[in-house]
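Here's the structure, in structure tokens; my notes come after.
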Amino acid sequence: MDQKRKTRKGYDPDEIPTLDEMELKGKHTPKNETETVGNPDTAEKHVSAFINFFKSKITHGYFGIVILLVAAFILIFSISYFFTADADQSQVLNLPLNEMASQQNIDNEGGPVGAVSAHYLIGKGLGVGSFALVFYLTLIGLALMGRYKLNFWSCTFKSIIVAIAASVIVGLITLYNDCIFHLGGDHGHYVNTFLIKYTGPWGAIGVSLLLAASVIAIFFTEIRAILLKYKAAIDARKERLRREAEEKNTATDNTAEDEKHKEAEDDSKEIIVDFDVTTDISTDETTPIEEVVVETVEETPQDTISQTEENSDDNSMQITATEIEEAASINTNAYDPTAELSKFRFPSIDLLSDQDTSAPSVDNIEQENNKQRIKDVLKQYDIEVSNISATVGPTVTLYEIVPAEGVRIAKIKRLEDDIALNLAALGIRIIAPIPGKGTIGIEVPNKEPKIVPMRSIISSKTYQESKAELPIAIGVTISNEVYLADLAKIPHLLVAGATGMGKSVGLNAIIASLLYKKHPAELKFVLIDPKMVEFSLYRRLERHYLAKLPDEEDAVITDPNKVVATLLSLCVEMDNRYALLTKANVRSITEYNAKFSRRVLNPEKGHRYLPYIVVIVDEFADLIMTAGKEIETPISRIAQKARAVGIHLILATQRPSTNVVTGLIKANFPGRIGFRVNQMVDSRTIIDRPGADQLIGKGDMLFSRDGVIERVQCAFISTEEVVAICNSIDEQIGYSHAYMLPDYIPESNSEGISQTKLTERDPLFDEIARVIVNSQSASTSSIQRTYSIGYNRAGRIMDQMEAVGIVGPAQGGKPRQVLVDYIQLEQILNNK
């Protein structure tokens, strides 16, 4: 079973053993191991290793160097051909290659091979247009070496256009020149001769002008893109130099201030200021000092002087005079987390389609008819109505009824089906009573529901002026008001709905509303997509907005086996963040980041700016089926604790059954979104009451927050709009890599492992150990990915290797250090 797991993934190119290793292994190979040579699995391993060898970046680099050398050789013999073609022509035409090499009379700098190649490439081919091949090969070589970002098919097409255009244009200009070869090559000469014969000289000139315009357009686009990149790089360098200069000036000022207070420190006196905090320390406003008490204290060690004491009873703090001066100067040189991508521009609102939403979907005549029908149905059951009003929404119309005195609400609620029959509606929902009002609501679906475009949401005043940390503008209410919620306050969201009811569009709307508001330095996504297609469009955001495990190739997680590892890694990130908040004496991520931005916290002591992390899990029910309790435990832990450190969960599922949405999950997800479901029991599971089963679909949803339910029509955002947004972000300069999550280290008894015998180790221990020593890189996630094993098993193998001294201890998000070479490894493996 383990062998099959391995061959399914294949070897990395670095896993191919060296000759020394093969010899060493041969000395210790038992006789019966030779029987496995003809094993088909072994042949499959070698084929897989061969394929992966050509996928290696090192292999690509070698090929890139070879292609660059070929391009240089072509350039040399092509240029030489223009000066030596006359002298070499007779030999090239009359002698085979080996005779030319033996006579050594070739003048071309590329020798006989260069002379013959130039004859066919330039003379018989495209002439000067052949130099496009040199340019093309150079770009391909640089791309393989990782020095240039290249679109292969676009580059190939443009190179062909340039080569043909140069051949035809130069061929026309030099058509009647007396030369031993045509400067446009035989191609350019014959094309122009054909054009002149059938279309006259003006036809040939027109074709050349058309080709010249194409070349100019190609070069203009490429040069403009290059200039913009260099301009952005220069601007970034200027910004970095400016910040360094400011930091240097600040450091000089702080040094002068430290010298000014040196005498006070020499006297072994400390000034302690006791004041009441009247404003939040995370704000930029100056904290007023109401009471100042100056007292003399005994000589105190320097480390004690720098400590602060917090009194929770009277909300007062004791800080040193040095810290007061730091607090007084914090506004002079604030840290800007967006400075590294200072040129980043949010996607344009023009990327979203514009649709007219001004016309009402229900006219006055239809409203009056529905009012009268509702009155007639209620009158049949002796229910008098004193007043009825209508509020037209994009999907449903809310009719508010004021019943006469003495009418019982339960009596009206029982008439739900009768009213629906009389109105010939798909299904109605009765709200009895409407919270905060003395009325009863009857929601009737519109015959022609309107689409709510995402553009109308993003361009709304509610969204544009929102001060929410993580604004989710997902749609509009029945009263046509933009519904906006702050995910940072919710703080976790549960989304459920049957297939085709708008759940996926709702998730895209949530992501889009965050992308239009938050800078890449302020927000990261962890996208988990077991269906492999829902979040595939967001892969292009890896260098800007996505977070992933170290050594992970794909930033969008599609393998259920890797979901547990990612969630456990988020638990480590959560614990690390809480440690930073504790050291900073703050209680939330907003206070911490505000303090860090004011440079109160020292990065050399481990402090860093903390972006929000939004974890979106699609098809949660599928993950529960594959991972079970392994996935429920870290999700519950994150949901219980991660709010204060800026990690928020959004879980989506098509089946909100009780075995999927358990009580533990529901207790920690106060925010719920219910699209249409098929059964009332599913509605009770997701929003704790009926109603979601009476929705009409197509984005019609119920948003439950803190027990208050609002009916919302979800905004529509198409796949094309999502692609346009992602392309707009991807085209801009981003970070060098995705936001790296820490590597999870399973808890284990190291002392017990160190005493474990070789026969009790994992069956894959020897094989993985050799691969790690060969590659000189060790990480738990890499083992899991290569061998398709669970994260806990991979962690145990890593612990075993650490216990016997093969690898060093964990280093956070970095791979572990390999401590042994091949000979030492074999000694460890054979030391039973």
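Labels for the structure tokens follow display order: chains A, B, ..., residues from 1 in each chain, ligands from 1.
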Which segment 667-774 of chain A residues have any atom within 10 Å of an atom of segment 625-637 of chain A, and for each, what is the nearest pair of atoms with distance in Å to one decimal, counting only C-alpha atoms, rows sorted by chain and number, as a tab-separated table?
residue	atom	partner	partner_atom	distance
A:Ala667	CA	A:Ser636	CA	9.1
A:Asn668	CA	A:Ser636	CA	7.1
A:Phe669	CA	A:Ser636	CA	9.4
Just write the chosen residues, N, CA, C and O atoms, as a short mmCIF file (atom, residue, chain, number, x, y, z; two decimals), in the first residue's frame.
data_model
loop_
_atom_site.label_atom_id
_atom_site.label_comp_id
_atom_site.auth_asym_id
_atom_site.auth_seq_id
_atom_site.Cartn_x
_atom_site.Cartn_y
_atom_site.Cartn_z
N ALA A 667 -22.48 26.44 17.81
CA ALA A 667 -22.29 27.29 18.98
C ALA A 667 -21.24 28.37 18.74
O ALA A 667 -21.28 29.42 19.40
N ASN A 668 -20.33 28.12 17.83
CA ASN A 668 -19.24 29.07 17.61
C ASN A 668 -19.37 29.84 16.31
O ASN A 668 -18.45 30.54 15.92
N PHE A 669 -20.51 29.71 15.63
CA PHE A 669 -20.75 30.44 14.39
C PHE A 669 -22.04 31.24 14.53
O PHE A 669 -23.11 30.81 14.09
#
Problem - Residues near Lys447 of chain A, cut-off 10 Å, only C-alpha atoms, skip fewer than 3 positions along chain, as a PyMOL selection string - result: chain A and resi 361-362+366+395-396+424-426+444+450
Export of the given selection (all heavy atoms) as an mmCIF file, in the first residue's frame:
data_model
loop_
_atom_site.group_PDB
_atom_site.id
_atom_site.type_symbol
_atom_site.label_atom_id
_atom_site.label_comp_id
_atom_site.auth_asym_id
_atom_site.auth_seq_id
_atom_site.Cartn_x
_atom_site.Cartn_y
_atom_site.Cartn_z
ATOM 1 N N SER A 361 -39.915 46.164 -9.915
ATOM 2 C CA SER A 361 -40.333 44.876 -10.467
ATOM 3 C C SER A 361 -41.821 44.612 -10.247
ATOM 4 O O SER A 361 -42.376 43.708 -10.844
ATOM 5 C CB SER A 361 -39.508 43.747 -9.838
ATOM 6 O OG SER A 361 -39.626 43.789 -8.424
ATOM 7 N N VAL A 362 -42.457 45.374 -9.365
ATOM 8 C CA VAL A 362 -43.892 45.232 -9.100
ATOM 9 C C VAL A 362 -44.532 46.613 -9.231
ATOM 10 O O VAL A 362 -44.181 47.535 -8.491
ATOM 11 C CB VAL A 362 -44.145 44.653 -7.689
ATOM 12 C CG1 VAL A 362 -45.639 44.544 -7.436
ATOM 13 C CG2 VAL A 362 -43.475 43.299 -7.539
ATOM 14 N N GLU A 366 -50.286 45.836 -9.550
ATOM 15 C CA GLU A 366 -50.068 44.516 -8.958
ATOM 16 C C GLU A 366 -50.064 44.601 -7.436
ATOM 17 O O GLU A 366 -50.586 43.701 -6.756
ATOM 18 C CB GLU A 366 -48.739 43.939 -9.464
ATOM 19 C CG GLU A 366 -48.471 42.520 -8.964
ATOM 20 C CD GLU A 366 -47.173 41.948 -9.513
ATOM 21 O OE1 GLU A 366 -46.574 42.585 -10.405
ATOM 22 O OE2 GLU A 366 -46.762 40.872 -9.037
ATOM 23 N N THR A 395 -36.625 40.913 -5.021
ATOM 24 C CA THR A 395 -37.107 39.541 -5.208
ATOM 25 C C THR A 395 -38.496 39.332 -4.643
ATOM 26 O O THR A 395 -39.310 38.629 -5.234
ATOM 27 C CB THR A 395 -36.138 38.547 -4.535
ATOM 28 O OG1 THR A 395 -34.824 38.765 -5.040
ATOM 29 C CG2 THR A 395 -36.545 37.116 -4.825
ATOM 30 N N VAL A 396 -38.773 39.930 -3.491
ATOM 31 C CA VAL A 396 -40.070 39.765 -2.838
ATOM 32 C C VAL A 396 -40.629 41.135 -2.458
ATOM 33 O O VAL A 396 -39.897 42.125 -2.389
ATOM 34 C CB VAL A 396 -39.955 38.876 -1.578
ATOM 35 C CG1 VAL A 396 -39.485 37.484 -1.937
ATOM 36 C CG2 VAL A 396 -39.034 39.513 -0.552
ATOM 37 N N ALA A 424 -51.526 32.931 -5.992
ATOM 38 C CA ALA A 424 -50.848 32.138 -7.025
ATOM 39 C C ALA A 424 -49.343 32.362 -6.980
ATOM 40 O O ALA A 424 -48.684 32.515 -8.012
ATOM 41 C CB ALA A 424 -51.407 32.485 -8.417
ATOM 42 N N ALA A 425 -48.791 32.391 -5.762
ATOM 43 C CA ALA A 425 -47.361 32.640 -5.574
ATOM 44 C C ALA A 425 -46.627 31.326 -5.361
ATOM 45 O O ALA A 425 -47.210 30.307 -4.983
ATOM 46 C CB ALA A 425 -47.147 33.558 -4.376
ATOM 47 N N LEU A 426 -45.327 31.338 -5.621
ATOM 48 C CA LEU A 426 -44.495 30.153 -5.454
ATOM 49 C C LEU A 426 -44.441 29.717 -4.004
ATOM 50 O O LEU A 426 -44.319 28.538 -3.714
ATOM 51 C CB LEU A 426 -43.075 30.430 -5.974
ATOM 52 C CG LEU A 426 -42.936 30.685 -7.474
ATOM 53 C CD1 LEU A 426 -41.498 31.053 -7.803
ATOM 54 C CD2 LEU A 426 -43.352 29.454 -8.267
ATOM 55 N N VAL A 444 -44.231 38.173 -0.230
ATOM 56 C CA VAL A 444 -44.779 37.548 -1.438
ATOM 57 C C VAL A 444 -43.745 37.663 -2.553
ATOM 58 O O VAL A 444 -43.282 38.775 -2.860
ATOM 59 C CB VAL A 444 -46.098 38.231 -1.870
ATOM 60 C CG1 VAL A 444 -46.646 37.575 -3.128
ATOM 61 C CG2 VAL A 444 -47.104 38.185 -0.737
ATOM 62 N N LYS A 450 -35.741 40.957 -9.832
ATOM 63 C CA LYS A 450 -34.634 41.698 -10.429
ATOM 64 C C LYS A 450 -33.303 41.114 -9.976
ATOM 65 O O LYS A 450 -33.171 40.602 -8.869
ATOM 66 C CB LYS A 450 -34.691 43.177 -10.009
ATOM 67 C CG LYS A 450 -35.865 43.933 -10.583
ATOM 68 C CD LYS A 450 -35.683 45.430 -10.388
ATOM 69 C CE LYS A 450 -35.477 45.788 -8.939
ATOM 70 N NZ LYS A 450 -35.364 47.249 -8.741
#
Problem - Who sits within 9 Å of Pro815 of chain A, only C-alpha atoms, same chain under 5 positions skipped, as a list in words - result: Pro550, Asp551, Asp743, Ser777, Ala778, Ser779, Thr780 and Ala810 of chain A
Problem - Shell around Val162 of chain A at 12 Å using only C-alpha atoms, local window under 4 positions removed, as number ranges by chain - result: A: 126, 128-136, 155-158, 166-170, 208, 210-219
Practice task
Show which residues sit within 10 Å of Val661 of chain A, as JSON, numbers by chain. Count only C-alpha atoms, and ignore same-chain residues fewer than 3 positions away.
Solution key: {"A": [494, 496, 620, 621, 624, 632, 651, 653, 655, 656, 657, 658, 664, 665, 666, 667, 682, 685, 686]}
Please produce a file of the residues just selected, as a PDB file, in the first residue's frame, where the atoms kept are C-alpha atoms.
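Output (part-v1.pdb):
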ATOM      1  CA  LEU A 494     -21.895  29.492   8.285  1.00  0.00           C
ATOM      2  CA  ALA A 496     -25.745  26.636   3.548  1.00  0.00           C
ATOM      3  CA  PHE A 620     -17.669  21.322   4.418  1.00  0.00           C
ATOM      4  CA  ALA A 621     -19.878  18.214   4.426  1.00  0.00           C
ATOM      5  CA  ILE A 624     -16.434  15.884   7.346  1.00  0.00           C
ATOM      6  CA  GLU A 632     -13.932  19.345  13.434  1.00  0.00           C
ATOM      7  CA  LEU A 651     -17.902  27.398   6.208  1.00  0.00           C
ATOM      8  CA  THR A 653     -22.128  23.308   2.699  1.00  0.00           C
ATOM      9  CA  ARG A 655     -26.188  19.591   3.222  1.00  0.00           C
ATOM     10  CA  PRO A 656     -26.783  21.343   6.558  1.00  0.00           C
ATOM     11  CA  SER A 657     -27.632  18.118   8.372  1.00  0.00           C
ATOM     12  CA  THR A 658     -26.998  17.698  12.069  1.00  0.00           C
ATOM     13  CA  LEU A 664     -20.200  22.417  18.613  1.00  0.00           C
ATOM     14  CA  ILE A 665     -19.924  24.065  15.182  1.00  0.00           C
ATOM     15  CA  LYS A 666     -23.186  25.994  15.537  1.00  0.00           C
ATOM     16  CA  ALA A 667     -22.289  27.294  18.979  1.00  0.00           C
ATOM     17  CA  ASP A 682     -32.393  21.795   7.190  1.00  0.00           C
ATOM     18  CA  THR A 685     -30.295  23.344  11.410  1.00  0.00           C
ATOM     19  CA  ILE A 686     -28.805  26.388   9.725  1.00  0.00           C
TER      20      ILE A 686
END
Each residue of segment 449-521 of chain A with at least one atom at most 9 Å from segment 721-729 of chain A should appear once, together with its nearest atom pair and the corresponding distance in Å (one decimal); atoms considered: only C-alpha atoms; ordering: chain, then increasing residue number; output as CSV.
residue,atom,partner,partner_atom,distance
A:Asn508,CA,A:Val722,CA,7.6
A:Ala512,CA,A:Val722,CA,7.7
A:Leu515,CA,A:Ile725,CA,8.7
